[in-house]
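Below: one structure, written as structure tokens.
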Amino acid sequence: MPPRGALCLSSSRPQTRFQCGAPSPARQRDVRRRLPSRPAAPAQPASRRRSLPPQLAALNRTCLSTTELVVRAAVEDDPRHLRHAAMTDPATAAALPVERIWELCDEMEASYDATTVRHLGNLGVGAGWSCWEIGAGGGSIARWLAGRAGHVLATDVDPRLLTGLPASAEAVRHDVRAEPLPDRTFDLIHARLVLIHFPERDELVAKLAGALAPGGWLVLEEIEPRGQTVLTAPDAASAAVFGSVQGRILDVLERAGSDVEWAGRLPEVLAGARLHEVGSARVTTRWQGGGPEIRLLAANSVELAEQLTADGVLPEELALFRRVLADPRFTVSS
Ligand SMILES: C[S@@+](CC[C@H](N)C(=O)[O-])C[C@H]1O[C@@H](n2cnc3c(N)ncnc32)[C@H](O)[C@@H]1O
């Protein structure tokens, strides 16, 4: 039996990219190497060594708290502590992508998971199925699959948040673009908000179809953010600034290699991948200003602020864009 089919789910929900602003270990080493060596401090009497001024003790405490959270994440195998650590670290808290990494992961998973599990459930994922979750992120879908299927391979190029999975799921660091595919076949391969960013996305779909077991399913979920329509706005200026800034954000993503209209072409791409059945579904909801989904748009505008400014978006336009997104009178299709 040939691989049975492919399902493409698209939504006009926007993409948010998470970025950790904390220096990598290699960069931290560089920073340390550049520090001038300090002359040894003169020996202090024991009484002075004990009296660390309270403001310095407080500074010390902030660093220690972050380190303690990271250690706790490792000991308890709980990714939430890592997210907390990124948010409370004094250096990273100044930059929103890091400050909000935990909240953003939660928001994205919460806003997409209901649709995803409904469709995966309809396919009949169950005992004995071998599943591959690509670009698994925080692992919410891998966890859901693990509760139903026989075995789940959850891969991500950055698997730091993929902890705390049940025994039937395996978290592996894997770059789906650059590395060979796993040496086995799957009853289900699922990727959500991953392939849209890769220039070689069409070729990858064909390769993934080849990794399906007979009767297996390939399920890809992507976004169509150019289709978003303003439904209500406090005034005409708010609607206009939404259209112009959101359009520029999508331009920046496209220049970086994303194809924000790919979801619309997915049925055709899947049909070309020698699959037996191809289906597609489009999901549209209504987002309200200040709600969890719409906050992802505001985060995009902060994360990409430098490129947007270089593209001629004025600081006052960005500020108004974020104010509009926080206003409950503003609603937009997803
Ligand atoms: C927008 S997030 C989506 C996460 C998850 N699929 C979800 O919907 O909640 C994109 C994920 O793809 C991962 N990713 C990016 N490039 C990748 C690559 N080349 N191979 C595997 N994973 C990749 C990122 O690390 C990130 O976790």
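Residues in the structure tokens are numbered from 1 in each chain, the chains being A, B, ... in the order shown, and ligands are numbered from 1 in the order shown.
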Report task. Tell me, as a ChimeraX atom specification, which residues lie within 9 Å of stretch 119-132 of chain A, counting only C-alpha atoms; anything in the same chain fewer than 6 positions away does not count. Result -> /A:7,9,142,145-155,185-191,217,219
Requested in this report: Excluding A:Arg322 and any residue of its chain fewer than 6 positions from it, enumerate the residues within 12 Å of it, using only C-alpha atoms, and give them as a list in words.
Outcome: Ser238, Val241, Phe242, Val245, Gln246, Gly289, Gly290, Ile294, Arg295, Leu296, Leu297, Ala298, Ala299, Asn300, Ser301, Val302, Ala305, Pro315, Glu316 and Phe330 of chain A
Query raised in the report: Tell me, which residues of stretch 109-249 of chain A carry DSSP strand (DSSP E or B), written as a ChimeraX atom specification?
Result: /A:130-134,151-156,169-173,186-192,212-223,230-232
Requested in this report: Once DSSP has gone over the backbone, tell me which residues of stretch 135-180 of chain A are in alpha helix (DSSP H), as a ChimeraX atom specification.
Outcome: /A:140-146
File of the preceding selection, N, CA and C atoms, as a short mmCIF file (atom, residue, chain, number, x, y, z; two decimals), in the first residue's frame:
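Contents of again.cif, as written:
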```cif
data_model
loop_
_atom_site.label_atom_id
_atom_site.label_comp_id
_atom_site.auth_asym_id
_atom_site.auth_seq_id
_atom_site.Cartn_x
_atom_site.Cartn_y
_atom_site.Cartn_z
N SER A 140 4.16 20.42 23.24
CA SER A 140 2.78 20.14 23.65
C SER A 140 2.13 19.07 22.77
N ILE A 141 2.41 19.10 21.46
CA ILE A 141 1.79 18.09 20.58
C ILE A 141 2.49 16.74 20.75
N ALA A 142 3.80 16.78 20.96
CA ALA A 142 4.50 15.51 21.21
C ALA A 142 3.92 14.84 22.45
N ARG A 143 3.62 15.63 23.46
CA ARG A 143 3.05 15.07 24.70
C ARG A 143 1.66 14.47 24.42
N TRP A 144 0.87 15.22 23.62
CA TRP A 144 -0.48 14.73 23.31
C TRP A 144 -0.38 13.41 22.54
N LEU A 145 0.51 13.38 21.54
CA LEU A 145 0.67 12.16 20.74
C LEU A 145 1.13 11.00 21.61
N ALA A 146 2.04 11.32 22.54
CA ALA A 146 2.60 10.25 23.38
C ALA A 146 1.52 9.61 24.24
#
```
Query - Distance in Å - atom CA of A:Leu308 versus atom CA of A:Leu253 - result: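 These atoms are spaced 10.6 Å apart.
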Query - Given only C-alpha atoms as the counted atoms, nearest of A:Thr232, A:Asp259, A:Thr116, A:Ile249 to A:Ala310 - result: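 Smallest distance to A:Ala310 is found for A:Ile249.
Between atom 26 (C, counted along the ligand's line) of ligand 1 and atom CA of A:Ala178 there is a distance of 15.0 Å.
As for atom 12 (O, counted along the ligand's line) of ligand 1 and atom CA of A:Ser244, they are spaced 27.1 Å apart.
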Query - For A:Gly243: contacts at 9 Å, only C-alpha atoms, fewer than 3 positions along chain excluded, given as an NGL selection string - result: :A and (228-230 or 238-240 or 246-248)
Selection export as a short mmCIF file (atom, residue, chain, number, x, y, z; two decimals), in the first residue's frame, atoms kept: C-alpha atoms:
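Final output, saved to out.cif:
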```cif
data_model
loop_
_atom_site.label_atom_id
_atom_site.label_comp_id
_atom_site.auth_asym_id
_atom_site.auth_seq_id
_atom_site.Cartn_x
_atom_site.Cartn_y
_atom_site.Cartn_z
CA GLN A 228 -5.91 38.90 7.88
CA THR A 229 -8.81 41.37 7.77
CA VAL A 230 -9.57 44.10 10.28
CA SER A 238 -5.85 52.23 13.89
CA ALA A 239 -6.98 50.05 10.99
CA ALA A 240 -4.50 51.75 8.67
CA GLN A 246 1.79 44.08 9.66
CA GLY A 247 2.52 44.20 5.91
CA ARG A 248 6.09 45.37 6.60
#
```
Query raised in the report: With only C-alpha atoms as the basis for distance, which of A:Val332, A:Ala237, A:Ala211, A:Ala58 is at the shortest distance from A:Leu320?
Result: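 Smallest distance to A:Leu320 is found for A:Ala237.
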Query raised in the report: Closest to A:Asp235 among A:Val324, A:Ile223, A:Ala6, A:Ala281, using only C-alpha atoms?
Result: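 Among A:Val324, A:Ile223, A:Ala6, A:Ala281, it is A:Val324 that comes nearest to A:Asp235.
Closest approach to ligand 1 among A:Leu318, A:Val260, A:Val176, A:Ala273: A:Val176, based on only C-alpha atoms and all ligand atoms.
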